[in-house]
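Structure record follows, encoded as structure tokens.
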2 protein chains.
Amino acid sequence: MPTVKDVAELAGVAPITVSRVINNAEYISHDTRQRVMAAINQLGYVPNKVARSLRSKQTSMLALVLTDITNPFFTTIARGVEDAANAAGFNLILCNTDESEAKQDNYLRILLERRVDGILLVPACSNLEPVRLIHKMDIPVVVLDRQLPGRLADVVRCDSEGGAYQLTRLLIQNGHRQIAILSGPLSVSTAEDRVKGYQRALKEIGLELLDEFVHYGEFTLESGYQMTQQALNAIPRPTALLAGNNFIAIGALKALKDLHLSVPEDIAVVGFDDLPSTIVVDPILTAAAQPAYEMGRLGAELLLARLAGTGPSDFQEIILPIEIIVRQSSGSILNKIPINQRG
Amino acid sequence: MPTVKDVAELAGVAPITVSRVINNAEYISHDTRQRVMAAINQLGYVPNKVARSLRSKQTSMLALVLTDITNPFFTTIARGVEDAANAAGFNLILCNTDESEAKQDNYLRILLERRVDGILLVPACSNLEPVRLIHKMDIPVVVLDRQLPGRLADVVRCDSEGGAYQLTRLLIQNGHRQIAILSGPLSVSTAEDRVKGYQRALKEIGLELLDEFVHYGEFTLESGYQMTQQALNAIPRPTALLAGNNFIAIGALKALKDLHLSVPEDIAVVGFDDLPSTIVVDPILTAAAQPAYEMGRLGAELLLARLAGTGPSDFQEIILPIEIIVRQSSGSILNKIPINQRG
DNA sequence: CTGTTAGCGCGTTCAT
DNA sequence: ATGAACGCGCTAACAG
């Protein structure tokens, strides 16, 4: 594999001159530039970015640490991050943590070793230690999707509390009073925030907050399925379910289907995260849609701004709005009341 | 940021000794190791992988170049690749080409500069040049999902021709004779192979191959939607559609829905790629499911074996089987014939 | 078991 | 407009 030295010899110049040509430096005579370019082409020289990174102390690499790229929500975030990174001449390292703190710690360690210029992190838990560590190494972090205690990094996330509040309000307006929420792990801020928003809506109209209506599980299909089975055991039985994310919602719908309960006739379902329109033919789920692509893109741009030194001086918390998309699954309970009995 | 030198000074040893401790070399006295470890912890030393890579000439990085991570099929491949890479201590750079040859070339160039140890490539087109270039730089490539002319790299793909053949056979068995295929770009091998498999099945039972039943487009929802509209203009009108990938299938189903045609009553639909069960509540599409995760994992493992020098001597072409999953959408045309008229 | 020397490929610094 | 010397942080090769 040829190096600057080889190119320099062939072109009859010093290595530094080759370096200058590559980096489009000024003050290179047309003639030498031609000769160097010719030598580069002749040898098939490809500059070594590793050496360059060692020297310049920047790798032009960002890392995206998330829980599972298999979730369309995170996939979309990843796409937003990649587009922004690529546009700025940065590459992206992808890391799946599976919500495991151990895997996350392991990855973060590796990323520090690799001297990535910045990290976009969807934290697997609310533990601040990892971020503190990165911070100490002077590598900027942007936290995506979830909150973290303290304020050691920028955060770009959505208004989970508000979204859950609105979803719950919608159910209430549709006549529901027994509403159960199927949320994620307590250690994850979005799971907590969504329960808070749900409770705020209930309190607002004076409804009692029943513990047996609040379920914490995992952000998975299986957990959604199980939580649904449990939720239906409550007395009184809930007439509506609020799913904490897309997988939980799918799990809930599958469980209800297996129990031969129709949505929304027998029970209403609403959930967080809208699935991309590319993968659903006939969406029925009323959902709180988060601007995932924007979140990824904005997060990456904020990170890049920090690297460029053009970022804001203090840490930002950017909270993106959630859009409620109303479909059949939240159907009104009022429909079930015979017309002649309606108020 | 402390370096080996700093650690060495603090521990009162030579830098190389620190290096040896880090790399778990043998022949280090327990005492020295303790002192070095203490110094490392005290300084918060994190080895610099960039410098290490420059010296050792390996980056422990793989790259995954695919068309769009937003497609669940590729997402699943990516997950398989990442798991295998991570298990072997490698990291993964993610690159979306959007089926653009220019973007692909640009990325490949960057990956060469970065001296990634190996590349997993879902080629945007059948042009061999890029692969030839990588090959010349002595960076091993594993081509995923699609074929490429020549034999300059390992290939891990699925039996597209066979899958399309089976899907078409199924439609034929269900009584269909006017079957249209909505495929991807002609420049992509899977699009071509699927048309071939479809044609083989038709020929086998002596059906005429009608050009107006064969549509080439893009592997996108929009293209699937448009091709469906066109396909329905053919005379005779097709009674069944074979979609070349998941997005095309969704587009077809949406188009049919907008035309108020029921599947499978008015028209049958089958397609390539099954959507992950995590994102579909009630799958109806009869599909040729490709083992995407396995493809990614096997591809990465083959690549890693090459890097370890334990790979096979000649280039492999691993063709994974496709599983036909029969659901409602391929419903039998025979159902439409009144019972008393059946044979 | 530990240290010395040197060099991976490039770009900063200073000189001409 | 071009070049020489040096060092980024680490480790292979060779001593001892």
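Quick note on naming: the chains in the structure tokens go A, B, ... in the order shown, residues restart at 1 in each chain, and ligands are numbered from 1 in order of appearance.
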
TODO: When you get a sec, could you note down which chain A residues fall within 8 Å of chain B, using only C-alpha atoms, as a PyMOL selection string?
DONE: chain A and resi 1+46-51+53-54+69-70+72+75-76+79+82+91-96+112-115+137+221+246-247+250-251+253-254+275+278-282

Task: Interface residues on chain D facing chain B, 10 Å, only C-alpha atoms (C1' of nucleotides), written as number ranges by chain - done: D: 8-12

Task: DC1 in chain C environment, 10 Å, only C-alpha atoms (C1' of nucleotides), sequence neighbours closer than 6 positions dropped, as a list of chain:residue names - done: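 Here the qualifying residues turn out to be B:Glu26, B:Tyr27, B:Ile28, B:Ser29, B:Thr32.
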
Open item on the list: Run DSSP on the backbone and tell me which residues of range 59-224 of chain A come out as strand (DSSP E or B); list them as a ChimeraX atom specification.
Closed with: /A:61-66,91-96,118-121,141-144,154-158,179-183,214-216

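What separates CA of Ala153 in chain B from CA of Gly184 in chain B is a distance of 23.5 Å.
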
As a PDB file with N, CA and C atoms (P, O5', C5', C4', C3', O3' and C1' of nucleotides), in the first residue's frame, could you give me every residue of chain C near chain A (at most 9 Å apart, counting only C-alpha atoms (C1' of nucleotides))?
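Generated output (selection-v5.pdb):
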```pdb
ATOM      1  P    DC C   8       8.068   3.112   8.606  1.00  0.00           P
ATOM      2  O5'  DC C   8       6.504   2.845   8.690  1.00  0.00           O
ATOM      3  C5'  DC C   8       5.973   1.587   9.063  1.00  0.00           C
ATOM      4  C4'  DC C   8       4.612   1.797   9.675  1.00  0.00           C
ATOM      5  C3'  DC C   8       3.830   2.930   9.016  1.00  0.00           C
ATOM      6  O3'  DC C   8       2.956   2.368   8.040  1.00  0.00           O
ATOM      7  C1'  DC C   8       3.743   3.046  11.448  1.00  0.00           C
ATOM      8  P    DG C   9       3.162   2.797   6.512  1.00  0.00           P
ATOM      9  O5'  DG C   9       2.487   4.234   6.490  1.00  0.00           O
ATOM     10  C5'  DG C   9       1.105   4.359   6.757  1.00  0.00           C
ATOM     11  C4'  DG C   9       0.793   5.814   6.975  1.00  0.00           C
ATOM     12  C3'  DG C   9       1.192   6.739   5.816  1.00  0.00           C
ATOM     13  O3'  DG C   9       0.034   7.408   5.379  1.00  0.00           O
ATOM     14  C1'  DG C   9       1.905   7.608   7.892  1.00  0.00           C
ATOM     15  P    DC C  10       0.034   8.579   4.344  1.00  0.00           P
ATOM     16  O5'  DC C  10      -0.010   9.866   5.268  1.00  0.00           O
ATOM     17  C5'  DC C  10      -1.170  10.085   6.067  1.00  0.00           C
ATOM     18  C4'  DC C  10      -0.877  11.111   7.129  1.00  0.00           C
ATOM     19  C3'  DC C  10      -0.693  12.525   6.589  1.00  0.00           C
ATOM     20  O3'  DC C  10      -1.911  13.232   6.816  1.00  0.00           O
ATOM     21  C1'  DC C  10       0.880  11.958   8.332  1.00  0.00           C
ATOM     22  P    DG C  11      -2.146  14.680   6.260  1.00  0.00           P
ATOM     23  O5'  DG C  11      -1.511  15.604   7.387  1.00  0.00           O
ATOM     24  C5'  DG C  11      -2.129  15.638   8.658  1.00  0.00           C
ATOM     25  C4'  DG C  11      -1.354  16.558   9.584  1.00  0.00           C
ATOM     26  C3'  DG C  11      -1.248  18.001   9.109  1.00  0.00           C
ATOM     27  O3'  DG C  11      -1.192  18.802  10.273  1.00  0.00           O
ATOM     28  C1'  DG C  11       0.898  17.115   9.308  1.00  0.00           C
ATOM     29  P    DT C  12      -1.756  20.294  10.209  1.00  0.00           P
ATOM     30  O5'  DT C  12      -0.958  21.042  11.375  1.00  0.00           O
ATOM     31  C5'  DT C  12      -0.772  20.427  12.638  1.00  0.00           C
ATOM     32  C4'  DT C  12       0.559  20.847  13.236  1.00  0.00           C
ATOM     33  C3'  DT C  12       0.875  22.338  13.081  1.00  0.00           C
ATOM     34  O3'  DT C  12       1.282  22.864  14.336  1.00  0.00           O
ATOM     35  C1'  DT C  12       2.682  21.039  12.303  1.00  0.00           C
TER      36       DT C  12
END
```

- [ ] Give me every alpha helix (DSSP H) residue in range 170-337 of chain B, going by DSSP on the backbone, as number ranges by chain.
- [x] B: 170-173, 189-204, 221-231, 246-258, 292-308

Open item on the list: Set the distance at 10 Å and use only C-alpha atoms (C1' of nucleotides): which residues neighbour Asp314 in chain B once local chain neighbours fewer than 6 positions away are removed? I'd like the list as a PyMOL selection string.
Closed with: chain B and resi 151-154

Open item on the list: Could you list, as a PyMOL selection string, every residue within 12 Å of DC14 in chain D, counting only C-alpha atoms (C1' of nucleotides) and ignoring same-chain residues fewer than 3 positions away?
Closed with: chain C and resi 3-6

TODO: With a distance cut-off of 12 Å and only C-alpha atoms (C1' of nucleotides), select the neighbouring residues of DT16 in chain C, excluding the residue or stretch itself and same-chain residues fewer than 3 positions from it, and output the selection as a list of chain:residue names.
DONE: D:DA1, D:DT2, D:DG3, D:DA4

Open item on the list: As an exercise, work out the distance from CA of Leu259 in chain B to CA of Ile325 in chain A in Å and give it to one decimal place.
Closed with: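 About the pair CA of Leu259 in chain B and CA of Ile325 in chain A: they are 23.9 Å apart.
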
Task: Computed interatomic separation between CA of Phe213 in chain B and CA of Pro185 in chain B (Å) - done: 15.5 Å

Task: Lys203 in chain B environment, 12 Å, only C-alpha atoms (C1' of nucleotides), sequence neighbours closer than 3 positions dropped, as a ChimeraX atom specification - done: /B:165,168-169,172,177,196-200,206-210
